Amino acid sequence: MNQKINIKEIARKAYTSYHQDGILDISISSIILAFAIMMFTDMPWLGGISSVLAMSFYAGAKKTFTVPRIGYVKFPQQRVKRINIGLFVLGLLSFAVAMMAFVQTTGEGAPSWLMFLIENYMLTIGAIGTCLFLLAGYSFRTNRMYTYALLTAVLFVFGHFIYFPLQYYLTVLGITILAYGLAMLVRFIRKYPKATETADA
Amino acid sequence: MNPTKTNEDKEKAIQLIDKIIHEPARLIIVAHLFVVESADFLFLQRQTGLTWGNISSHVRKLEDAGYVSVEKEFVDKKPHTTLKLTDKGRAAFKEYRKSMKQVFEDLPE
């Protein structure tokens, strides 16, 4: 054993290996695709339940694919705190913007900044999506989320200038992420076969 | 700086090195448990590359020293063993890192 003991590298490897299964990507893509299908078929309930279904899928898939292959690990609360802080900040920002829009709309009609956001909805949705992916990348320390953020930004800026209905852009984004997630899952399953030995036998 | 005193300090630092943690396989196990809250045998096996039997025997020694706590529970009606570095183990590892730094700090290039 001549490898150098680097605590930071060990921590990084332990964490990233747990998220190399593509399950997070598949879960995110299923939400995006659910919104696209919702817009294609005019079924608004689909958008509402997609997040719940995606979270259930994430928990179930981790239990089915990840834990039997790379084992169970609980990370320090610090990391969980980081994700919670990210979600809290995002929730707070969304609430503040929604409140501001509500107050200004009820008072003197729709304010100009809100009209700007609505008129340039492709850029607005693109910016929100990009921020969400940046937040996911920061929270989960997965670099590919930054790539998805870039892809979202490029796709929706493109969509702002070349008109296609929004659902087409969501479909392209969702399918790209889903394909990458599935490829990662296949690679993960091949790399880590299910363990046959057990310490409890 | 008095060289005799430095040598004495170095000898003292070497004597203070924890022999239980110093063994390479145990060192890598402790290092991995240090960065997580708890983990099971499979996770350690995947991360360290050590064999099941190897991990098992070293964990027993770490458990005897009070550095690692082993918790057995049932998950989906199957027995499951979780390993956790105790406060004593965490402190011992920190101390070990400090001692090793001290030993190597004054060595010439």
# chains A, B, ... in the order shown; residues from 1 in each chain; ligands from 1
$ closest_atom_pairs --of "chain B" --to "chain A" --cutoff "10 Å" --atoms "only C-alpha atoms" --output "Markdown table"
| residue | atom | partner | partner_atom | distance |
| --- | --- | --- | --- | --- |
| B:Pro24 | CA | A:Met1 | CA | 6.7 |
| B:Ala25 | CA | A:Met1 | CA | 7.8 |
| B:Leu27 | CA | A:Ile5 | CA | 8.6 |
| B:Ile28 | CA | A:Ile5 | CA | 7.4 |
| B:Ala31 | CA | A:Ile7 | CA | 6.8 |
| B:His32 | CA | A:Ile10 | CA | 6.6 |
| B:Leu33 | CA | A:Ala11 | CA | 9.6 |
| B:Phe34 | CA | A:Ile7 | CA | 8.4 |
| B:Val35 | CA | A:Ala11 | CA | 5.4 |
| B:Val36 | CA | A:Phe75 | CA | 4.8 |
| B:Glu37 | CA | A:Pro76 | CA | 5.0 |
| B:Ser38 | CA | A:Lys74 | CA | 5.2 |
| B:Ala39 | CA | A:Val73 | CA | 4.2 |
| B:Asp40 | CA | A:Tyr72 | CA | 5.5 |
| B:Phe41 | CA | A:Ala199 | CA | 6.7 |
| B:Leu42 | CA | A:Gly71 | CA | 4.7 |
| B:Phe43 | CA | A:Gly71 | CA | 4.2 |
| B:Leu44 | CA | A:Gly71 | CA | 7.9 |
| B:Gln45 | CA | A:Ile70 | CA | 8.4 |
| B:Arg46 | CA | A:Ile70 | CA | 6.1 |
| B:Gln47 | CA | A:Ala14 | CA | 7.0 |
| B:Thr48 | CA | A:Ile10 | CA | 9.6 |
| B:Trp52 | CA | A:Ala199 | CA | 7.4 |
| B:Gly53 | CA | A:Ala199 | CA | 8.6 |
| B:Ile55 | CA | A:Ala199 | CA | 9.5 |
| B:Ser56 | CA | A:Ala199 | CA | 7.5 |
| B:Lys72 | CA | A:Asp200 | CA | 8.6 |
| B:Lys78 | CA | A:Asp200 | CA | 8.8 |
| B:Pro79 | CA | A:Asp200 | CA | 6.1 |
| B:His80 | CA | A:Asp200 | CA | 6.6 |
| B:Thr81 | CA | A:Asp200 | CA | 6.9 |
| B:Thr82 | CA | A:Tyr72 | CA | 8.1 |
| B:Leu83 | CA | A:Val73 | CA | 9.4 |
| B:Lys84 | CA | A:Lys74 | CA | 9.8 |
$ write_last_selection --atoms "C-alpha atoms" --output "PDB file, in the first residue's frame"
ATOM      1  CA  PRO B  24      -1.458   0.580   6.498  1.00  0.00           C
ATOM      2  CA  ALA B  25      -4.747  -1.327   6.091  1.00  0.00           C
ATOM      3  CA  LEU B  27      -4.940   3.498   8.493  1.00  0.00           C
ATOM      4  CA  ILE B  28      -6.905   3.467   5.239  1.00  0.00           C
ATOM      5  CA  ALA B  31      -9.203   7.480   7.113  1.00  0.00           C
ATOM      6  CA  HIS B  32     -12.335   6.430   5.223  1.00  0.00           C
ATOM      7  CA  LEU B  33     -14.453   6.256   8.360  1.00  0.00           C
ATOM      8  CA  PHE B  34     -13.092   9.674   9.369  1.00  0.00           C
ATOM      9  CA  VAL B  35     -14.703  11.397   6.370  1.00  0.00           C
ATOM     10  CA  VAL B  36     -18.138   9.809   6.740  1.00  0.00           C
ATOM     11  CA  GLU B  37     -20.585   9.511   9.594  1.00  0.00           C
ATOM     12  CA  SER B  38     -21.057   5.757   9.212  1.00  0.00           C
ATOM     13  CA  ALA B  39     -20.571   3.132   6.528  1.00  0.00           C
ATOM     14  CA  ASP B  40     -20.911  -0.603   6.028  1.00  0.00           C
ATOM     15  CA  PHE B  41     -18.378  -3.299   5.083  1.00  0.00           C
ATOM     16  CA  LEU B  42     -19.274  -3.180   1.383  1.00  0.00           C
ATOM     17  CA  PHE B  43     -18.666   0.561   1.158  1.00  0.00           C
ATOM     18  CA  LEU B  44     -15.260   0.161   2.807  1.00  0.00           C
ATOM     19  CA  GLN B  45     -14.408  -2.728   0.510  1.00  0.00           C
ATOM     20  CA  ARG B  46     -15.281  -0.718  -2.614  1.00  0.00           C
ATOM     21  CA  GLN B  47     -13.462   2.397  -1.458  1.00  0.00           C
ATOM     22  CA  THR B  48     -10.306   0.817  -0.032  1.00  0.00           C
ATOM     23  CA  TRP B  52     -13.689  -8.748   3.073  1.00  0.00           C
ATOM     24  CA  GLY B  53     -11.623 -10.900   5.441  1.00  0.00           C
ATOM     25  CA  ILE B  55     -11.411  -5.532   6.613  1.00  0.00           C
ATOM     26  CA  SER B  56     -13.135  -7.836   9.072  1.00  0.00           C
ATOM     27  CA  LYS B  72     -25.798  -4.660  13.897  1.00  0.00           C
ATOM     28  CA  LYS B  78     -31.542  -9.008   6.503  1.00  0.00           C
ATOM     29  CA  PRO B  79     -28.720  -8.469   9.021  1.00  0.00           C
ATOM     30  CA  HIS B  80     -26.724  -5.332   8.325  1.00  0.00           C
ATOM     31  CA  THR B  81     -23.535  -4.154  10.013  1.00  0.00           C
ATOM     32  CA  THR B  82     -22.690  -0.465  10.220  1.00  0.00           C
ATOM     33  CA  LEU B  83     -19.296   0.870  11.264  1.00  0.00           C
ATOM     34  CA  LYS B  84     -18.695   4.194  12.906  1.00  0.00           C
TER      35      LYS B  84
END
$ residues_around --residues "Ala136 of chain A" --least-positions-apart "4" --cutoff "12 Å" --atoms "only C-alpha atoms" --output "JSON, numbers by chain"
{"A": [19, 24, 25, 28, 82, 83, 84, 85, 86, 87, 90, 129, 130, 131, 132, 140, 141, 142, 143, 144, 145, 146, 147, 148, 149]}
$ select_by_dssp --residues "chain B" --states "alpha helix (DSSP H)" --output "PyMOL selection string"
chain B and resi 3-15+19-22+24-35+41-48+52-64+87-105
$ write_last_selection --atoms "C-alpha atoms" --output "PDB file, in the first residue's frame"
ATOM      1  CA  PRO B   3      19.914  19.662  17.605  1.00  0.00           C
ATOM      2  CA  THR B   4      19.869  17.328  20.637  1.00  0.00           C
ATOM      3  CA  LYS B   5      16.566  18.723  21.750  1.00  0.00           C
ATOM      4  CA  THR B   6      15.184  18.351  18.225  1.00  0.00           C
ATOM      5  CA  ASN B   7      16.230  14.707  18.151  1.00  0.00           C
ATOM      6  CA  GLU B   8      14.618  14.161  21.521  1.00  0.00           C
ATOM      7  CA  ASP B   9      11.426  15.760  20.299  1.00  0.00           C
ATOM      8  CA  LYS B  10      11.475  13.601  17.200  1.00  0.00           C
ATOM      9  CA  GLU B  11      12.009  10.426  19.220  1.00  0.00           C
ATOM     10  CA  LYS B  12       9.186  11.422  21.490  1.00  0.00           C
ATOM     11  CA  ALA B  13       6.937  12.043  18.471  1.00  0.00           C
ATOM     12  CA  ILE B  14       7.851   8.645  17.026  1.00  0.00           C
ATOM     13  CA  GLN B  15       7.069   6.954  20.339  1.00  0.00           C
ATOM     14  CA  LYS B  19       0.614   1.565  16.476  1.00  0.00           C
ATOM     15  CA  ILE B  20      -2.984   0.491  16.001  1.00  0.00           C
ATOM     16  CA  ILE B  21      -3.696   3.167  13.407  1.00  0.00           C
ATOM     17  CA  HIS B  22      -0.204   3.071  11.885  1.00  0.00           C
ATOM     18  CA  PRO B  24      -1.458   0.580   6.498  1.00  0.00           C
ATOM     19  CA  ALA B  25      -4.747  -1.327   6.091  1.00  0.00           C
ATOM     20  CA  ARG B  26      -6.108  -0.013   9.376  1.00  0.00           C
ATOM     21  CA  LEU B  27      -4.940   3.498   8.493  1.00  0.00           C
ATOM     22  CA  ILE B  28      -6.905   3.467   5.239  1.00  0.00           C
ATOM     23  CA  ILE B  29      -9.996   2.079   7.029  1.00  0.00           C
ATOM     24  CA  VAL B  30      -9.819   4.761   9.721  1.00  0.00           C
ATOM     25  CA  ALA B  31      -9.203   7.480   7.113  1.00  0.00           C
ATOM     26  CA  HIS B  32     -12.335   6.430   5.223  1.00  0.00           C
ATOM     27  CA  LEU B  33     -14.453   6.256   8.360  1.00  0.00           C
ATOM     28  CA  PHE B  34     -13.092   9.674   9.369  1.00  0.00           C
ATOM     29  CA  VAL B  35     -14.703  11.397   6.370  1.00  0.00           C
ATOM     30  CA  PHE B  41     -18.378  -3.299   5.083  1.00  0.00           C
ATOM     31  CA  LEU B  42     -19.274  -3.180   1.383  1.00  0.00           C
ATOM     32  CA  PHE B  43     -18.666   0.561   1.158  1.00  0.00           C
ATOM     33  CA  LEU B  44     -15.260   0.161   2.807  1.00  0.00           C
ATOM     34  CA  GLN B  45     -14.408  -2.728   0.510  1.00  0.00           C
ATOM     35  CA  ARG B  46     -15.281  -0.718  -2.614  1.00  0.00           C
ATOM     36  CA  GLN B  47     -13.462   2.397  -1.458  1.00  0.00           C
ATOM     37  CA  THR B  48     -10.306   0.817  -0.032  1.00  0.00           C
ATOM     38  CA  TRP B  52     -13.689  -8.748   3.073  1.00  0.00           C
ATOM     39  CA  GLY B  53     -11.623 -10.900   5.441  1.00  0.00           C
ATOM     40  CA  ASN B  54      -8.927  -8.256   5.690  1.00  0.00           C
ATOM     41  CA  ILE B  55     -11.411  -5.532   6.613  1.00  0.00           C
ATOM     42  CA  SER B  56     -13.135  -7.836   9.072  1.00  0.00           C
ATOM     43  CA  SER B  57      -9.950  -8.694  10.991  1.00  0.00           C
ATOM     44  CA  HIS B  58      -8.711  -5.099  11.112  1.00  0.00           C
ATOM     45  CA  VAL B  59     -12.102  -3.767  12.169  1.00  0.00           C
ATOM     46  CA  ARG B  60     -12.073  -6.248  15.048  1.00  0.00           C
ATOM     47  CA  LYS B  61      -8.729  -4.820  16.219  1.00  0.00           C
ATOM     48  CA  LEU B  62     -10.019  -1.261  15.890  1.00  0.00           C
ATOM     49  CA  GLU B  63     -13.156  -2.235  17.783  1.00  0.00           C
ATOM     50  CA  ASP B  64     -11.076  -3.808  20.572  1.00  0.00           C
ATOM     51  CA  ASP B  87     -15.000   9.932  19.472  1.00  0.00           C
ATOM     52  CA  LYS B  88     -11.924   8.163  20.845  1.00  0.00           C
ATOM     53  CA  GLY B  89     -11.068   6.896  17.356  1.00  0.00           C
ATOM     54  CA  ARG B  90     -11.590  10.328  15.823  1.00  0.00           C
ATOM     55  CA  ALA B  91      -9.323  11.933  18.434  1.00  0.00           C
ATOM     56  CA  ALA B  92      -6.711   9.183  17.974  1.00  0.00           C
ATOM     57  CA  PHE B  93      -6.667   9.724  14.209  1.00  0.00           C
ATOM     58  CA  LYS B  94      -6.256  13.478  14.613  1.00  0.00           C
ATOM     59  CA  GLU B  95      -3.424  12.880  17.073  1.00  0.00           C
ATOM     60  CA  TYR B  96      -1.828  10.376  14.686  1.00  0.00           C
ATOM     61  CA  ARG B  97      -1.849  12.920  11.847  1.00  0.00           C
ATOM     62  CA  LYS B  98      -0.273  15.488  14.135  1.00  0.00           C
ATOM     63  CA  SER B  99       2.449  13.073  15.262  1.00  0.00           C
ATOM     64  CA  MET B 100       3.253  12.019  11.707  1.00  0.00           C
ATOM     65  CA  LYS B 101       3.506  15.630  10.587  1.00  0.00           C
ATOM     66  CA  GLN B 102       5.867  16.326  13.451  1.00  0.00           C
ATOM     67  CA  VAL B 103       8.077  13.340  12.539  1.00  0.00           C
ATOM     68  CA  PHE B 104       8.382  14.256   8.874  1.00  0.00           C
ATOM     69  CA  GLU B 105       8.479  18.026   9.216  1.00  0.00           C
TER      70      GLU B 105
END
$ residues_around --residues "Leu53 of chain A" --least-positions-apart "6" --cutoff "10 Å" --atoms "only C-alpha atoms" --output "ChimeraX atom specification"
/A:27,30-31,46
$ atom_distance --atom1 "atom CA of Asp21 of chain A" --atom2 "atom CA of Tyr58 of chain A"
10.9 Å
$ atom_distance --atom1 "atom CA of Tyr169 of chain A" --atom2 "atom CA of Phe156 of chain A"
7.4 Å
$ atom_distance --atom1 "atom CA of Tyr168 of chain A" --atom2 "atom CA of Tyr121 of chain A"
14.4 Å
